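> I am attaching a structure below and will ask some questions about it afterwards.
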Amino acid sequence: PSSGGGARSARSKAGSSKAAAASLQQQQPLRILVAAHTNVAVDRVLQSLQARGFSDFLRVGSLQRMARVLLPHALHAADDSKDAVVQIKEMLKSASKGEEEAMLRGELQALQQGTEKQRRKALRTAPVVASTCCTLLREGLWDNAGTFPIVILDEASQMTEPLSLVPLLKAKASFLIAAGDPQQLPPVIASPSTLTPPPPSNSLMQPAHFRSLSGGASGTANDDSIRGSLIRPLFVRLCLLGYQKH
């Protein structure tokens with residue numbers, strides 16, 4: 001699945017048979033970790049679930065950086081509820097009168113009544129948990145989160161390969177769904193500039209090369225220097241390993 005229209009995905013999973021998936025579900029609860037590079041991408045997935053009537057999820061991250069409608073399902077990324085309360089109070093200062101202000105005041109009241117502790121416990125049991133890759137790096141927060149057999153990476157073509165590995169390692173996942181658009185520009189790292197020299201026009205970092213990996217125009221898929229680059233998207237490695245885009 002992908003929250004963007006016309007997106008293509010590369011899928012990687014430990015077993016290909018339905019029997020393997022059924023066995024996995026019997027061994028552990030079917031939980032899904034949704035991750036993306038940006039807050040907007042994470043929120044878009046959850047808002048799509050809300051629109052379809054599903055709300056049994058937990059959104060982990062900075063309250064100020066997530067969509068307001070997700071606050072009733074939010075676990076602040078800080079280690080205590082005080083930071084969450086401070087953020088809500090700051091958000092109230094600039095909130096518009098009416099629905100937004102009422103939502104923030106309701107969330108403030110819930111936090112003051114201790115709902116943060118309940119949500120922290122839910123981090124281990126919620127069927128769907130969503131976060132940015134950077135929030136997944138927060139020390140201590142994920143120690144008791146349990147495992148997630150399935151990881152969904154949204155906008156995967158905008159992640160460098162090491163960043164893509166963060167949710168997979170945190171989740172101890174068996175299945176991966178990587179969703180994104182391989183025709184987009186590759187990830188950009190602005191600083192230091194020497195870390196990301198402009199890729200050659202025929203390199204694996206160029207959108208056109210995704211086409212050559214799936215049988216289109218010829219490229220340089222065997223270029224060892226590009227093959228070993230860690231600033232490429234995960235899509236490139238998956239294609240090189242023989243996985244087909246869908």
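Following the order of the structure tokens, first chain is A, next is B, and so on, with residues numbered from 1 inside each chain and ligands from 1 in the order they appear.
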Counting only C-alpha atoms, what is within 6 Å of segment 56-70 of chain A, bar same-chain residues fewer than 3 positions away, as a ChimeraX atom specification?
/A:73-77,126,128-131
> Just asking: which residues within segment 30-71 of chain A are alpha helix (DSSP H) according to DSSP, as a PyMOL selection string?
chain A and resi 39-51
> Pull N, CA and C atoms from the residues just selected and write them as a short mmCIF file (atom, residue, chain, number, x, y, z; two decimals), in the first residue's frame.

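Saved result, again25.cif, follows:
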```
data_model
loop_
_atom_site.label_atom_id
_atom_site.label_comp_id
_atom_site.auth_asym_id
_atom_site.auth_seq_id
_atom_site.Cartn_x
_atom_site.Cartn_y
_atom_site.Cartn_z
N ASN A 39 7.32 13.79 8.62
CA ASN A 39 6.08 13.74 9.39
C ASN A 39 4.86 13.77 8.48
N VAL A 40 4.94 14.53 7.42
CA VAL A 40 3.80 14.64 6.50
C VAL A 40 3.46 13.28 5.90
N ALA A 41 4.47 12.53 5.51
CA ALA A 41 4.22 11.21 4.92
C ALA A 41 3.62 10.25 5.94
N VAL A 42 4.13 10.27 7.17
CA VAL A 42 3.59 9.40 8.22
C VAL A 42 2.13 9.76 8.50
N ASP A 43 1.85 11.05 8.63
CA ASP A 43 0.48 11.49 8.93
C ASP A 43 -0.48 11.13 7.81
N ARG A 44 -0.02 11.22 6.58
CA ARG A 44 -0.90 10.94 5.45
C ARG A 44 -1.38 9.49 5.47
N VAL A 45 -0.50 8.58 5.84
CA VAL A 45 -0.90 7.17 5.93
C VAL A 45 -1.97 6.99 7.00
N LEU A 46 -1.75 7.57 8.18
CA LEU A 46 -2.70 7.41 9.28
C LEU A 46 -4.02 8.10 8.99
N GLN A 47 -3.98 9.26 8.34
CA GLN A 47 -5.22 9.94 8.00
C GLN A 47 -6.02 9.15 6.96
N SER A 48 -5.31 8.43 6.12
CA SER A 48 -6.00 7.56 5.16
C SER A 48 -6.69 6.42 5.88
N LEU A 49 -6.04 5.89 6.92
CA LEU A 49 -6.68 4.84 7.71
C LEU A 49 -7.91 5.38 8.44
N GLN A 50 -7.78 6.59 9.00
CA GLN A 50 -8.92 7.21 9.67
C GLN A 50 -10.10 7.37 8.72
N ALA A 51 -9.83 7.80 7.51
CA ALA A 51 -10.88 8.03 6.54
C ALA A 51 -11.62 6.74 6.18
#
```
> Quick one, how far is atom CA of Lys117 of chain A from atom CA of Gly98 of chain A?
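Distance between the two atoms: 28.1 Å.
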> Could you pull out all residues of segment 98-165 of chain A with a DSSP call of strand (DSSP E or B) and give them as a list of chain:residue names?
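Matching residues for strand (DSSP E or B) in segment 98-165 of chain A are A:Val128, A:Val129, A:Ala130, A:Ser131, A:Thr132, A:Ile150, A:Val151, A:Ile152, A:Leu153, A:Asp154.
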> I need the residue nearest Met159 of chain A from this list: A:Leu230, A:Ile32, A:Ala173, A:Leu108. Use only C-alpha atoms for the distance.
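Going through A:Leu230, A:Ile32, A:Ala173, A:Leu108 one by one, the smallest distance to Met159 of chain A is for A:Leu230.
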> Would you mind listing what lies within 8 Å of Leu92 of chain A as a ChimeraX atom specification, with only C-alpha atoms counted and same-chain residues fewer than 2 positions away left out?
/A:88-90,94-95,101,104-105
> For the selection you just gave me, I'd like the residues written to a file as an mmCIF file, in the first residue's frame, keeping N, CA and C atoms.

```cif
data_model
loop_
_atom_site.group_PDB
_atom_site.id
_atom_site.type_symbol
_atom_site.label_atom_id
_atom_site.label_comp_id
_atom_site.auth_asym_id
_atom_site.auth_seq_id
_atom_site.Cartn_x
_atom_site.Cartn_y
_atom_site.Cartn_z
ATOM 1 N N ILE A 88 1.490 21.339 23.893
ATOM 2 C CA ILE A 88 0.074 21.613 23.654
ATOM 3 C C ILE A 88 -0.269 23.051 24.041
ATOM 4 N N LYS A 89 0.271 23.518 25.143
ATOM 5 C CA LYS A 89 0.010 24.896 25.573
ATOM 6 C C LYS A 89 0.567 25.892 24.553
ATOM 7 N N GLU A 90 1.718 25.611 23.994
ATOM 8 C CA GLU A 90 2.281 26.488 22.960
ATOM 9 C C GLU A 90 1.421 26.463 21.699
ATOM 10 N N SER A 94 -1.464 29.722 19.240
ATOM 11 C CA SER A 94 -1.660 30.069 17.827
ATOM 12 C C SER A 94 -2.836 29.333 17.187
ATOM 13 N N ALA A 95 -3.594 28.606 18.004
ATOM 14 C CA ALA A 95 -4.709 27.821 17.461
ATOM 15 C C ALA A 95 -5.869 28.722 17.053
ATOM 16 N N GLU A 101 -9.077 24.632 18.547
ATOM 17 C CA GLU A 101 -8.850 24.982 19.944
ATOM 18 C C GLU A 101 -9.504 23.952 20.869
ATOM 19 N N LEU A 104 -7.360 20.791 20.970
ATOM 20 C CA LEU A 104 -6.146 20.953 21.760
ATOM 21 C C LEU A 104 -6.446 20.988 23.256
ATOM 22 N N ARG A 105 -7.526 21.640 23.634
ATOM 23 C CA ARG A 105 -7.884 21.689 25.052
ATOM 24 C C ARG A 105 -8.281 20.300 25.558
#
```
> Which residues come within 10 Å of Pro72 of chain A, counting only C-alpha atoms, excluding same-chain residues fewer than 5 positions away, as a PDB file with all heavy atoms, in the first residue's frame?

```pdb
ATOM      1  N   SER A  55      -8.949   3.310  13.477  1.00  0.00           N
ATOM      2  CA  SER A  55      -8.316   4.280  14.372  1.00  0.00           C
ATOM      3  C   SER A  55      -7.500   3.629  15.484  1.00  0.00           C
ATOM      4  O   SER A  55      -7.052   4.305  16.404  1.00  0.00           O
ATOM      5  CB  SER A  55      -9.376   5.193  14.996  1.00  0.00           C
ATOM      6  OG  SER A  55     -10.318   4.425  15.735  1.00  0.00           O
ATOM      7  N   LEU A  58      -1.184   4.116  16.904  1.00  0.00           N
ATOM      8  CA  LEU A  58      -0.458   5.029  17.770  1.00  0.00           C
ATOM      9  C   LEU A  58       0.537   5.805  16.929  1.00  0.00           C
ATOM     10  O   LEU A  58       1.336   5.226  16.191  1.00  0.00           O
ATOM     11  CB  LEU A  58       0.289   4.256  18.870  1.00  0.00           C
ATOM     12  CG  LEU A  58       0.896   5.074  20.008  1.00  0.00           C
ATOM     13  CD1 LEU A  58      -0.213   5.736  20.836  1.00  0.00           C
ATOM     14  CD2 LEU A  58       1.747   4.181  20.908  1.00  0.00           C
ATOM     15  N   ARG A  59       0.452   7.122  17.017  1.00  0.00           N
ATOM     16  CA  ARG A  59       1.371   8.003  16.281  1.00  0.00           C
ATOM     17  C   ARG A  59       2.425   8.506  17.268  1.00  0.00           C
ATOM     18  O   ARG A  59       2.113   9.169  18.250  1.00  0.00           O
ATOM     19  CB  ARG A  59       0.604   9.170  15.666  1.00  0.00           C
ATOM     20  CG  ARG A  59       1.471  10.296  15.099  1.00  0.00           C
ATOM     21  CD  ARG A  59       2.253   9.858  13.887  1.00  0.00           C
ATOM     22  NE  ARG A  59       2.731  11.017  13.139  1.00  0.00           N
ATOM     23  CZ  ARG A  59       3.984  11.499  13.235  1.00  0.00           C
ATOM     24  NH1 ARG A  59       4.855  10.934  14.062  1.00  0.00           N
ATOM     25  NH2 ARG A  59       4.329  12.540  12.517  1.00  0.00           N
ATOM     26  N   MET A 103     -10.068  20.805  20.251  1.00  0.00           N
ATOM     27  CA  MET A 103      -9.302  19.570  20.172  1.00  0.00           C
ATOM     28  C   MET A 103      -8.044  19.647  21.043  1.00  0.00           C
ATOM     29  O   MET A 103      -7.717  18.710  21.776  1.00  0.00           O
ATOM     30  CB  MET A 103      -8.917  19.280  18.719  1.00  0.00           C
ATOM     31  CG  MET A 103      -8.134  17.984  18.521  1.00  0.00           C
ATOM     32  SD  MET A 103      -7.678  17.731  16.801  1.00  0.00           S
ATOM     33  CE  MET A 103      -9.297  17.625  16.047  1.00  0.00           C
ATOM     34  N   LEU A 104      -7.360  20.791  20.970  1.00  0.00           N
ATOM     35  CA  LEU A 104      -6.146  20.953  21.760  1.00  0.00           C
ATOM     36  C   LEU A 104      -6.446  20.988  23.256  1.00  0.00           C
ATOM     37  O   LEU A 104      -5.696  20.418  24.065  1.00  0.00           O
ATOM     38  CB  LEU A 104      -5.406  22.229  21.333  1.00  0.00           C
ATOM     39  CG  LEU A 104      -4.762  22.193  19.953  1.00  0.00           C
ATOM     40  CD1 LEU A 104      -4.234  23.573  19.567  1.00  0.00           C
ATOM     41  CD2 LEU A 104      -3.637  21.168  19.915  1.00  0.00           C
ATOM     42  N   GLY A 106      -8.944  19.535  24.723  1.00  0.00           N
ATOM     43  CA  GLY A 106      -9.294  18.169  25.098  1.00  0.00           C
ATOM     44  C   GLY A 106      -8.059  17.306  25.280  1.00  0.00           C
ATOM     45  O   GLY A 106      -7.972  16.498  26.207  1.00  0.00           O
ATOM     46  N   GLU A 107      -7.087  17.488  24.386  1.00  0.00           N
ATOM     47  CA  GLU A 107      -5.839  16.731  24.501  1.00  0.00           C
ATOM     48  C   GLU A 107      -5.049  17.163  25.727  1.00  0.00           C
ATOM     49  O   GLU A 107      -4.445  16.331  26.417  1.00  0.00           O
ATOM     50  CB  GLU A 107      -4.999  16.923  23.231  1.00  0.00           C
ATOM     51  CG  GLU A 107      -3.681  16.174  23.222  1.00  0.00           C
ATOM     52  CD  GLU A 107      -3.831  14.665  23.282  1.00  0.00           C
ATOM     53  OE1 GLU A 107      -4.949  14.168  23.025  1.00  0.00           O
ATOM     54  OE2 GLU A 107      -2.837  13.982  23.587  1.00  0.00           O
ATOM     55  N   ALA A 110      -6.568  15.513  28.698  1.00  0.00           N
ATOM     56  CA  ALA A 110      -6.255  14.084  28.721  1.00  0.00           C
ATOM     57  C   ALA A 110      -4.830  13.843  29.223  1.00  0.00           C
ATOM     58  O   ALA A 110      -4.587  12.926  30.016  1.00  0.00           O
ATOM     59  CB  ALA A 110      -6.433  13.499  27.324  1.00  0.00           C
ATOM     60  N   LEU A 111      -3.891  14.689  28.782  1.00  0.00           N
ATOM     61  CA  LEU A 111      -2.502  14.548  29.227  1.00  0.00           C
ATOM     62  C   LEU A 111      -2.382  14.814  30.723  1.00  0.00           C
ATOM     63  O   LEU A 111      -1.654  14.117  31.435  1.00  0.00           O
ATOM     64  CB  LEU A 111      -1.605  15.503  28.443  1.00  0.00           C
ATOM     65  CG  LEU A 111      -1.340  15.146  26.980  1.00  0.00           C
ATOM     66  CD1 LEU A 111      -0.642  16.301  26.278  1.00  0.00           C
ATOM     67  CD2 LEU A 111      -0.517  13.874  26.877  1.00  0.00           C
ATOM     68  N   THR A 115      -3.037  10.311  30.484  1.00  0.00           N
ATOM     69  CA  THR A 115      -3.218   9.450  29.313  1.00  0.00           C
ATOM     70  C   THR A 115      -1.893   9.092  28.638  1.00  0.00           C
ATOM     71  O   THR A 115      -1.808   8.090  27.928  1.00  0.00           O
ATOM     72  CB  THR A 115      -4.155  10.131  28.287  1.00  0.00           C
ATOM     73  OG1 THR A 115      -4.504   9.186  27.286  1.00  0.00           O
ATOM     74  CG2 THR A 115      -3.448  11.310  27.618  1.00  0.00           C
ATOM     75  N   ARG A 119      -0.819   5.508  26.830  1.00  0.00           N
ATOM     76  CA  ARG A 119      -0.346   5.397  25.446  1.00  0.00           C
ATOM     77  C   ARG A 119       1.045   4.782  25.389  1.00  0.00           C
ATOM     78  O   ARG A 119       1.380   4.072  24.438  1.00  0.00           O
ATOM     79  CB  ARG A 119      -0.357   6.776  24.783  1.00  0.00           C
ATOM     80  CG  ARG A 119      -1.754   7.325  24.588  1.00  0.00           C
ATOM     81  CD  ARG A 119      -1.736   8.734  24.050  1.00  0.00           C
ATOM     82  NE  ARG A 119      -3.080   9.297  24.017  1.00  0.00           N
ATOM     83  CZ  ARG A 119      -3.348  10.567  23.726  1.00  0.00           C
ATOM     84  NH1 ARG A 119      -2.352  11.408  23.448  1.00  0.00           N
ATOM     85  NH2 ARG A 119      -4.596  11.002  23.722  1.00  0.00           N
TER      86      ARG A 119
END
```
> To one decimal place, how far is atom CA of Glu155 of chain A from atom CA of Leu136 of chain A in Å?
16.3 Å
